[in-house]
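work07.cif, holding mmCIF, C-alpha atoms and all ligand atoms; chains and numbers go by the auth columns:
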data_run
#
loop_
_atom_site.group_PDB
_atom_site.id
_atom_site.type_symbol
_atom_site.label_atom_id
_atom_site.label_comp_id
_atom_site.label_asym_id
_atom_site.label_seq_id
_atom_site.Cartn_x
_atom_site.Cartn_y
_atom_site.Cartn_z
_atom_site.B_iso_or_equiv
_atom_site.auth_seq_id
_atom_site.auth_asym_id
ATOM 1 C CA MET A 1 5.693 15.654 -13.398 0.00 79 Y
ATOM 2 C CA THR A 2 2.228 14.684 -12.159 0.00 80 Y
ATOM 3 C CA GLU A 3 1.871 10.927 -11.869 0.00 81 Y
ATOM 4 C CA ARG A 4 -0.134 8.304 -10.009 0.00 82 Y
ATOM 5 C CA THR A 5 0.853 5.557 -7.635 0.00 83 Y
ATOM 6 C CA PHE A 6 -0.995 2.686 -5.991 0.00 84 Y
ATOM 7 C CA SER A 7 -1.287 2.423 -2.218 0.00 85 Y
ATOM 8 C CA ILE A 8 -2.686 -0.126 0.216 0.00 86 Y
ATOM 9 C CA ILE A 9 -3.435 0.601 3.852 0.00 87 Y
ATOM 10 C CA LYS A 10 -2.796 -2.878 5.252 0.00 88 Y
ATOM 11 C CA PRO A 11 -4.714 -4.998 7.812 0.00 89 Y
ATOM 12 C CA ASP A 12 -2.502 -4.071 10.780 0.00 90 Y
ATOM 13 C CA ALA A 13 -3.449 -0.411 10.219 0.00 91 Y
ATOM 14 C CA THR A 14 -7.175 -0.868 9.490 0.00 92 Y
ATOM 15 C CA ARG A 15 -7.449 -3.119 12.572 0.00 93 Y
ATOM 16 C CA ARG A 16 -6.098 -0.318 14.737 0.00 94 Y
ATOM 17 C CA ASN A 17 -8.475 2.217 13.114 0.00 95 Y
ATOM 18 C CA LEU A 18 -5.586 4.183 11.596 0.00 96 Y
ATOM 19 C CA THR A 19 -7.012 4.841 8.105 0.00 97 Y
ATOM 20 C CA GLY A 20 -7.591 8.535 8.815 0.00 98 Y
ATOM 21 C CA LYS A 21 -4.205 9.017 10.452 0.00 99 Y
ATOM 22 C CA VAL A 22 -2.411 7.373 7.509 0.00 100 Y
ATOM 23 C CA ASN A 23 -4.437 9.468 5.069 0.00 101 Y
ATOM 24 C CA ALA A 24 -3.488 12.634 6.966 0.00 102 Y
ATOM 25 C CA VAL A 25 0.230 11.841 6.486 0.00 103 Y
ATOM 26 C CA ILE A 26 -0.409 11.186 2.774 0.00 104 Y
ATOM 27 C CA GLU A 27 -2.312 14.451 2.305 0.00 105 Y
ATOM 28 C CA ASP A 28 0.126 16.493 4.387 0.00 106 Y
ATOM 29 C CA ALA A 29 2.871 15.246 2.049 0.00 107 Y
ATOM 30 C CA GLY A 30 1.077 16.864 -0.899 0.00 108 Y
ATOM 31 C CA LEU A 31 -0.362 13.678 -2.382 0.00 109 Y
ATOM 32 C CA ARG A 32 -4.026 13.645 -3.427 0.00 110 Y
ATOM 33 C CA ILE A 33 -6.209 10.557 -2.830 0.00 111 Y
ATOM 34 C CA VAL A 34 -8.027 10.352 -6.196 0.00 112 Y
ATOM 35 C CA ALA A 35 -9.583 6.889 -5.641 0.00 113 Y
ATOM 36 C CA GLN A 36 -10.107 4.859 -2.492 0.00 114 Y
ATOM 37 C CA ARG A 37 -12.022 1.707 -1.564 0.00 115 Y
ATOM 38 C CA ARG A 38 -12.127 -0.478 1.533 0.00 116 Y
ATOM 39 C CA ILE A 39 -12.178 -4.170 0.601 0.00 117 Y
ATOM 40 C CA LYS A 40 -11.534 -7.566 2.080 0.00 118 Y
ATOM 41 C CA MET A 41 -8.858 -8.947 -0.242 0.00 119 Y
ATOM 42 C CA THR A 42 -9.512 -12.466 -1.457 0.00 120 Y
ATOM 43 C CA GLU A 43 -6.759 -15.067 -1.382 0.00 121 Y
ATOM 44 C CA ALA A 44 -6.701 -15.007 -5.200 0.00 122 Y
ATOM 45 C CA GLN A 45 -6.287 -11.218 -5.261 0.00 123 Y
ATOM 46 C CA ALA A 46 -3.481 -11.264 -2.688 0.00 124 Y
ATOM 47 C CA LYS A 47 -1.660 -14.113 -4.444 0.00 125 Y
ATOM 48 C CA LYS A 48 -1.846 -12.296 -7.759 0.00 126 Y
ATOM 49 C CA PHE A 49 -0.847 -8.953 -6.298 0.00 127 Y
ATOM 50 C CA TYR A 50 2.268 -10.418 -4.636 0.00 128 Y
ATOM 51 C CA GLU A 51 3.075 -12.868 -7.462 0.00 129 Y
ATOM 52 C CA VAL A 52 6.625 -11.441 -7.773 0.00 130 Y
ATOM 53 C CA HIS A 53 7.309 -12.642 -4.218 0.00 131 Y
ATOM 54 C CA ALA A 54 5.918 -16.161 -4.807 0.00 132 Y
ATOM 55 C CA GLU A 55 9.302 -17.817 -4.261 0.00 133 Y
ATOM 56 C CA ARG A 56 10.113 -15.867 -1.079 0.00 134 Y
ATOM 57 C CA PRO A 57 9.880 -17.705 2.241 0.00 135 Y
ATOM 58 C CA PHE A 58 7.411 -15.134 3.590 0.00 136 Y
ATOM 59 C CA TYR A 59 4.938 -15.392 0.655 0.00 137 Y
ATOM 60 C CA GLY A 60 2.411 -17.620 2.443 0.00 138 Y
ATOM 61 C CA GLU A 61 2.507 -15.490 5.563 0.00 139 Y
ATOM 62 C CA LEU A 62 2.155 -12.332 3.454 0.00 140 Y
ATOM 63 C CA VAL A 63 -0.946 -13.636 1.627 0.00 141 Y
ATOM 64 C CA GLU A 64 -2.470 -14.785 4.920 0.00 142 Y
ATOM 65 C CA PHE A 65 -1.819 -11.384 6.516 0.00 143 Y
ATOM 66 C CA MET A 66 -3.197 -9.379 3.579 0.00 144 Y
ATOM 67 C CA THR A 67 -6.463 -11.353 3.695 0.00 145 Y
ATOM 68 C CA SER A 68 -6.777 -11.304 7.504 0.00 146 Y
ATOM 69 C CA ALA A 69 -8.760 -8.047 7.770 0.00 147 Y
ATOM 70 C CA PRO A 70 -9.957 -5.244 5.476 0.00 148 Y
ATOM 71 C CA VAL A 71 -7.498 -3.155 3.508 0.00 149 Y
ATOM 72 C CA VAL A 72 -7.951 0.240 1.843 0.00 150 Y
ATOM 73 C CA VAL A 73 -6.780 0.346 -1.761 0.00 151 Y
ATOM 74 C CA GLN A 74 -5.979 3.807 -3.089 0.00 152 Y
ATOM 75 C CA VAL A 75 -4.723 5.761 -6.061 0.00 153 Y
ATOM 76 C CA LEU A 76 -2.529 8.707 -5.096 0.00 154 Y
ATOM 77 C CA GLU A 77 -1.725 11.544 -7.462 0.00 155 Y
ATOM 78 C CA GLY A 78 0.937 14.215 -7.274 0.00 156 Y
ATOM 79 C CA ASP A 79 4.295 15.460 -8.413 0.00 157 Y
ATOM 80 C CA ASN A 80 6.570 12.388 -8.703 0.00 158 Y
ATOM 81 C CA ALA A 81 3.954 10.431 -6.752 0.00 159 Y
ATOM 82 C CA VAL A 82 5.775 7.064 -6.897 0.00 160 Y
ATOM 83 C CA ALA A 83 9.016 8.338 -5.344 0.00 161 Y
ATOM 84 C CA ARG A 84 7.238 10.818 -3.088 0.00 162 Y
ATOM 85 C CA TYR A 85 5.012 8.115 -1.580 0.00 163 Y
ATOM 86 C CA ARG A 86 7.983 5.815 -1.016 0.00 164 Y
ATOM 87 C CA GLU A 87 9.626 8.646 0.943 0.00 165 Y
ATOM 88 C CA VAL A 88 6.444 9.200 2.933 0.00 166 Y
ATOM 89 C CA MET A 89 6.063 5.456 3.719 0.00 167 Y
ATOM 90 C CA GLY A 90 9.645 5.026 4.936 0.00 168 Y
ATOM 91 C CA ALA A 91 11.788 1.891 4.793 0.00 169 Y
ATOM 92 C CA THR A 92 10.049 -1.522 4.514 0.00 170 Y
ATOM 93 C CA ASN A 93 11.410 -2.426 7.936 0.00 171 Y
ATOM 94 C CA PRO A 94 9.985 0.104 10.431 0.00 172 Y
ATOM 95 C CA ALA A 95 13.162 -0.215 12.528 0.00 173 Y
ATOM 96 C CA GLN A 96 14.994 1.478 9.635 0.00 174 Y
ATOM 97 C CA ALA A 97 12.286 3.993 8.742 0.00 175 Y
ATOM 98 C CA ALA A 98 12.987 7.718 9.088 0.00 176 Y
ATOM 99 C CA ASP A 99 11.186 9.896 11.619 0.00 177 Y
ATOM 100 C CA GLY A 100 7.809 11.166 10.479 0.00 178 Y
ATOM 101 C CA THR A 101 7.262 8.387 7.942 0.00 179 Y
ATOM 102 C CA ILE A 102 4.109 6.257 8.057 0.00 180 Y
ATOM 103 C CA ARG A 103 6.050 3.112 8.903 0.00 181 Y
ATOM 104 C CA LYS A 104 8.064 4.816 11.646 0.00 182 Y
ATOM 105 C CA LEU A 105 4.848 6.166 13.130 0.00 183 Y
ATOM 106 C CA TYR A 106 2.605 3.113 12.779 0.00 184 Y
ATOM 107 C CA ALA A 107 4.185 -0.089 11.420 0.00 185 Y
ATOM 108 C CA GLU A 108 4.529 -3.071 13.729 0.00 186 Y
ATOM 109 C CA SER A 109 7.137 -5.189 11.879 0.00 187 Y
ATOM 110 C CA VAL A 110 8.683 -5.800 8.452 0.00 188 Y
ATOM 111 C CA GLY A 111 5.698 -7.981 7.537 0.00 189 Y
ATOM 112 C CA GLU A 112 2.947 -5.953 9.211 0.00 190 Y
ATOM 113 C CA ASN A 113 4.197 -2.623 7.915 0.00 191 Y
ATOM 114 C CA SER A 114 0.922 -0.669 7.559 0.00 192 Y
ATOM 115 C CA VAL A 115 1.219 0.427 3.918 0.00 193 Y
ATOM 116 C CA HIS A 116 2.242 -0.656 0.438 0.00 194 Y
ATOM 117 C CA GLY A 117 3.307 1.668 -2.362 0.00 195 Y
ATOM 118 C CA SER A 118 4.285 0.897 -5.953 0.00 196 Y
ATOM 119 C CA ASP A 119 8.026 0.724 -6.662 0.00 197 Y
ATOM 120 C CA SER A 120 7.856 2.152 -10.199 0.00 198 Y
ATOM 121 C CA ALA A 121 5.472 4.032 -12.486 0.00 199 Y
ATOM 122 C CA GLU A 122 5.174 0.921 -14.635 0.00 200 Y
ATOM 123 C CA ASN A 123 4.162 -1.271 -11.676 0.00 201 Y
ATOM 124 C CA ALA A 124 1.825 1.470 -10.445 0.00 202 Y
ATOM 125 C CA LYS A 125 -0.194 1.162 -13.666 0.00 203 Y
ATOM 126 C CA ILE A 126 -0.391 -2.639 -13.327 0.00 204 Y
ATOM 127 C CA GLU A 127 -1.326 -2.478 -9.633 0.00 205 Y
ATOM 128 C CA ILE A 128 -3.941 0.272 -10.130 0.00 206 Y
ATOM 129 C CA ALA A 129 -5.529 -1.776 -12.935 0.00 207 Y
ATOM 130 C CA GLN A 130 -5.912 -4.781 -10.595 0.00 208 Y
ATOM 131 C CA PHE A 131 -8.282 -2.821 -8.346 0.00 209 Y
ATOM 132 C CA PHE A 132 -9.633 0.206 -10.232 0.00 210 Y
ATOM 133 C CA THR A 133 -11.075 1.141 -13.616 0.00 211 Y
ATOM 134 C CA ASP A 134 -10.474 4.583 -15.141 0.00 212 Y
ATOM 135 C CA ALA A 135 -14.015 5.589 -14.145 0.00 213 Y
ATOM 136 C CA ASP A 136 -13.205 4.986 -10.443 0.00 214 Y
ATOM 137 C CA ILE A 137 -10.397 7.547 -10.501 0.00 215 Y
ATOM 138 C CA VAL A 138 -11.462 11.163 -10.193 0.00 216 Y
ATOM 139 C CA GLY A 139 -8.437 13.428 -10.399 0.00 217 Y
HETATM 140 P P1 LIG B . 5.232 -4.388 0.401 0.00 301 Y
HETATM 141 O O1 LIG B . 5.762 -3.043 0.045 0.00 301 Y
HETATM 142 O O2 LIG B . 3.765 -4.534 0.435 0.00 301 Y
HETATM 143 O O3 LIG B . 5.831 -5.458 -0.613 0.00 301 Y
HETATM 144 C C1 LIG B . 6.167 -6.765 -0.241 0.00 301 Y
HETATM 145 C C2 LIG B . 5.854 -7.044 1.188 0.00 301 Y
HETATM 146 O O4 LIG B . 6.428 -8.225 1.705 0.00 301 Y
HETATM 147 C C3 LIG B . 6.458 -5.954 2.054 0.00 301 Y
HETATM 148 O O5 LIG B . 5.775 -4.747 1.856 0.00 301 Y
HETATM 149 C C4 LIG B . 6.343 -6.569 3.422 0.00 301 Y
HETATM 150 O O6 LIG B . 5.080 -6.410 3.988 0.00 301 Y
HETATM 151 C C5 LIG B . 6.547 -8.047 3.104 0.00 301 Y
HETATM 152 N N1 LIG B . 7.883 -8.470 3.513 0.00 301 Y
HETATM 153 C C6 LIG B . 9.052 -8.034 3.026 0.00 301 Y
HETATM 154 N N2 LIG B . 10.079 -8.650 3.659 0.00 301 Y
HETATM 155 C C7 LIG B . 9.513 -9.486 4.567 0.00 301 Y
HETATM 156 C C8 LIG B . 10.031 -10.381 5.524 0.00 301 Y
HETATM 157 N N3 LIG B . 11.348 -10.546 5.679 0.00 301 Y
HETATM 158 N N4 LIG B . 9.156 -11.076 6.281 0.00 301 Y
HETATM 159 C C9 LIG B . 7.827 -10.913 6.114 0.00 301 Y
HETATM 160 N N5 LIG B . 7.281 -10.072 5.225 0.00 301 Y
HETATM 161 C C10 LIG B . 8.109 -9.359 4.467 0.00 301 Y
#
Whole structure, structure tokens version:
Amino acid sequence: MTERTFSIIKPDATRRNLTGKVNAVIEDAGLRIVAQRRIKMTEAQAKKFYEVHAERPFYGELVEFMTSAPVVVQVLEGDNAVARYREVMGATNPAQAADGTIRKLYAESVGENSVHGSDSAENAKIEIAQFFTDADIVG
């Protein structure tokens, strides 16, 4: 089933000039980048995006990190894109990520973990809508 997921290449990765390398892993995994934009996330955008984590002890640090440098927001399309991208990213904590995954290759820590990917098709729709309109997405 062809579906879409939302991805963010995070500040730790853009700072190290890894956008192309991350995109190569995504494309080699059979996912298609059908929308992509480099932005500096505002505090309001980051707070809203991570609203579900508002009560977590790391929320403040997470918002500060996500606004600390540019990010690349993306829409990825492919067969079972949500689950496929989660496989390709690897575990949230890079110490537990499998070989060949983006986080194993590039992430620095559980907080500065290079990429975000939606955890469900339903959240993917909500997350995509925060950053893209239908006209931005060319499948
Ligand atoms: P992400 O997939 O973007 O969704 C929530 C983010 O919170 C997660 O990736 C991590 O970057 C961050 N996060 C999760 N657990 C921790 C933690 N223990 N300390 C700091 N940041 C965390």
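The environment of Val216 (chain Y) within 9 Å, counting all atoms listed in the file and disregarding residues fewer than 4 places along the same chain, consists of Val112, Ala113 and Asp212 of chain Y.
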Hey, what's within 9 Å of region 137-148 of chain Y if we count all atoms listed in the file and toss same-chain stuff fewer than 5 positions away? As a PDB file with C-alpha atoms, in the frame of the given file, please?
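Saved to selection_36.pdb:
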ATOM      1  CA  ILE Y  87      -3.435   0.601   3.852  1.00  0.00           C
ATOM      2  CA  LYS Y  88      -2.796  -2.878   5.252  1.00  0.00           C
ATOM      3  CA  PRO Y  89      -4.714  -4.998   7.812  1.00  0.00           C
ATOM      4  CA  ASP Y  90      -2.502  -4.071  10.780  1.00  0.00           C
ATOM      5  CA  THR Y  92      -7.175  -0.868   9.490  1.00  0.00           C
ATOM      6  CA  ARG Y  93      -7.449  -3.119  12.572  1.00  0.00           C
ATOM      7  CA  ARG Y 116     -12.127  -0.478   1.533  1.00  0.00           C
ATOM      8  CA  ILE Y 117     -12.178  -4.170   0.601  1.00  0.00           C
ATOM      9  CA  LYS Y 118     -11.534  -7.566   2.080  1.00  0.00           C
ATOM     10  CA  MET Y 119      -8.858  -8.947  -0.242  1.00  0.00           C
ATOM     11  CA  THR Y 120      -9.512 -12.466  -1.457  1.00  0.00           C
ATOM     12  CA  GLU Y 121      -6.759 -15.067  -1.382  1.00  0.00           C
ATOM     13  CA  GLN Y 123      -6.287 -11.218  -5.261  1.00  0.00           C
ATOM     14  CA  ALA Y 124      -3.481 -11.264  -2.688  1.00  0.00           C
ATOM     15  CA  LYS Y 125      -1.660 -14.113  -4.444  1.00  0.00           C
ATOM     16  CA  TYR Y 128       2.268 -10.418  -4.636  1.00  0.00           C
ATOM     17  CA  GLU Y 129       3.075 -12.868  -7.462  1.00  0.00           C
ATOM     18  CA  HIS Y 131       7.309 -12.642  -4.218  1.00  0.00           C
ATOM     19  CA  ALA Y 132       5.918 -16.161  -4.807  1.00  0.00           C
ATOM     20  CA  GLY Y 189       5.698  -7.981   7.537  1.00  0.00           C
ATOM     21  CA  GLU Y 190       2.947  -5.953   9.211  1.00  0.00           C
TER      22      GLU Y 190
END
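Put simply, CA of Val149 (chain Y) is 9.7 Å away from CA of Ser192 (chain Y).
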How would you write, as a PDB file with C-alpha atoms, in the frame of the given file, the residues chosen by the PyMOL selection byres (((chain Y and resi 217) around 12) and not hetatm) on this structure?
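Saved result, out-v2.pdb, follows:
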ATOM      1  CA  THR Y  80       2.228  14.684 -12.159  1.00  0.00           C
ATOM      2  CA  GLU Y  81       1.871  10.927 -11.869  1.00  0.00           C
ATOM      3  CA  ARG Y  82      -0.134   8.304 -10.009  1.00  0.00           C
ATOM      4  CA  LEU Y 109      -0.362  13.678  -2.382  1.00  0.00           C
ATOM      5  CA  ARG Y 110      -4.026  13.645  -3.427  1.00  0.00           C
ATOM      6  CA  ILE Y 111      -6.209  10.557  -2.830  1.00  0.00           C
ATOM      7  CA  VAL Y 112      -8.027  10.352  -6.196  1.00  0.00           C
ATOM      8  CA  ALA Y 113      -9.583   6.889  -5.641  1.00  0.00           C
ATOM      9  CA  GLN Y 114     -10.107   4.859  -2.492  1.00  0.00           C
ATOM     10  CA  VAL Y 153      -4.723   5.761  -6.061  1.00  0.00           C
ATOM     11  CA  LEU Y 154      -2.529   8.707  -5.096  1.00  0.00           C
ATOM     12  CA  GLU Y 155      -1.725  11.544  -7.462  1.00  0.00           C
ATOM     13  CA  GLY Y 156       0.937  14.215  -7.274  1.00  0.00           C
ATOM     14  CA  ASP Y 212     -10.474   4.583 -15.141  1.00  0.00           C
ATOM     15  CA  ALA Y 213     -14.015   5.589 -14.145  1.00  0.00           C
ATOM     16  CA  ASP Y 214     -13.205   4.986 -10.443  1.00  0.00           C
ATOM     17  CA  ILE Y 215     -10.397   7.547 -10.501  1.00  0.00           C
ATOM     18  CA  VAL Y 216     -11.462  11.163 -10.193  1.00  0.00           C
TER      19      VAL Y 216
END
Find the spatial neighbours of Ile180 (chain Y), counting all atoms listed in the file, within a cut-off of 10 Å - ignore same-chain residues fewer than 6 positions away - and output them as an NGL selection string. :Y and (99-104 or 163-169 or 172 or 191-193)
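Within 10 Å of Ala173 (chain Y), once only C-alpha atoms are used and residues closer than 6 positions along the same chain are dropped, the contacting residues are Arg181, Lys182, Ala185, Glu186, Ser187 and Val188 of chain Y.
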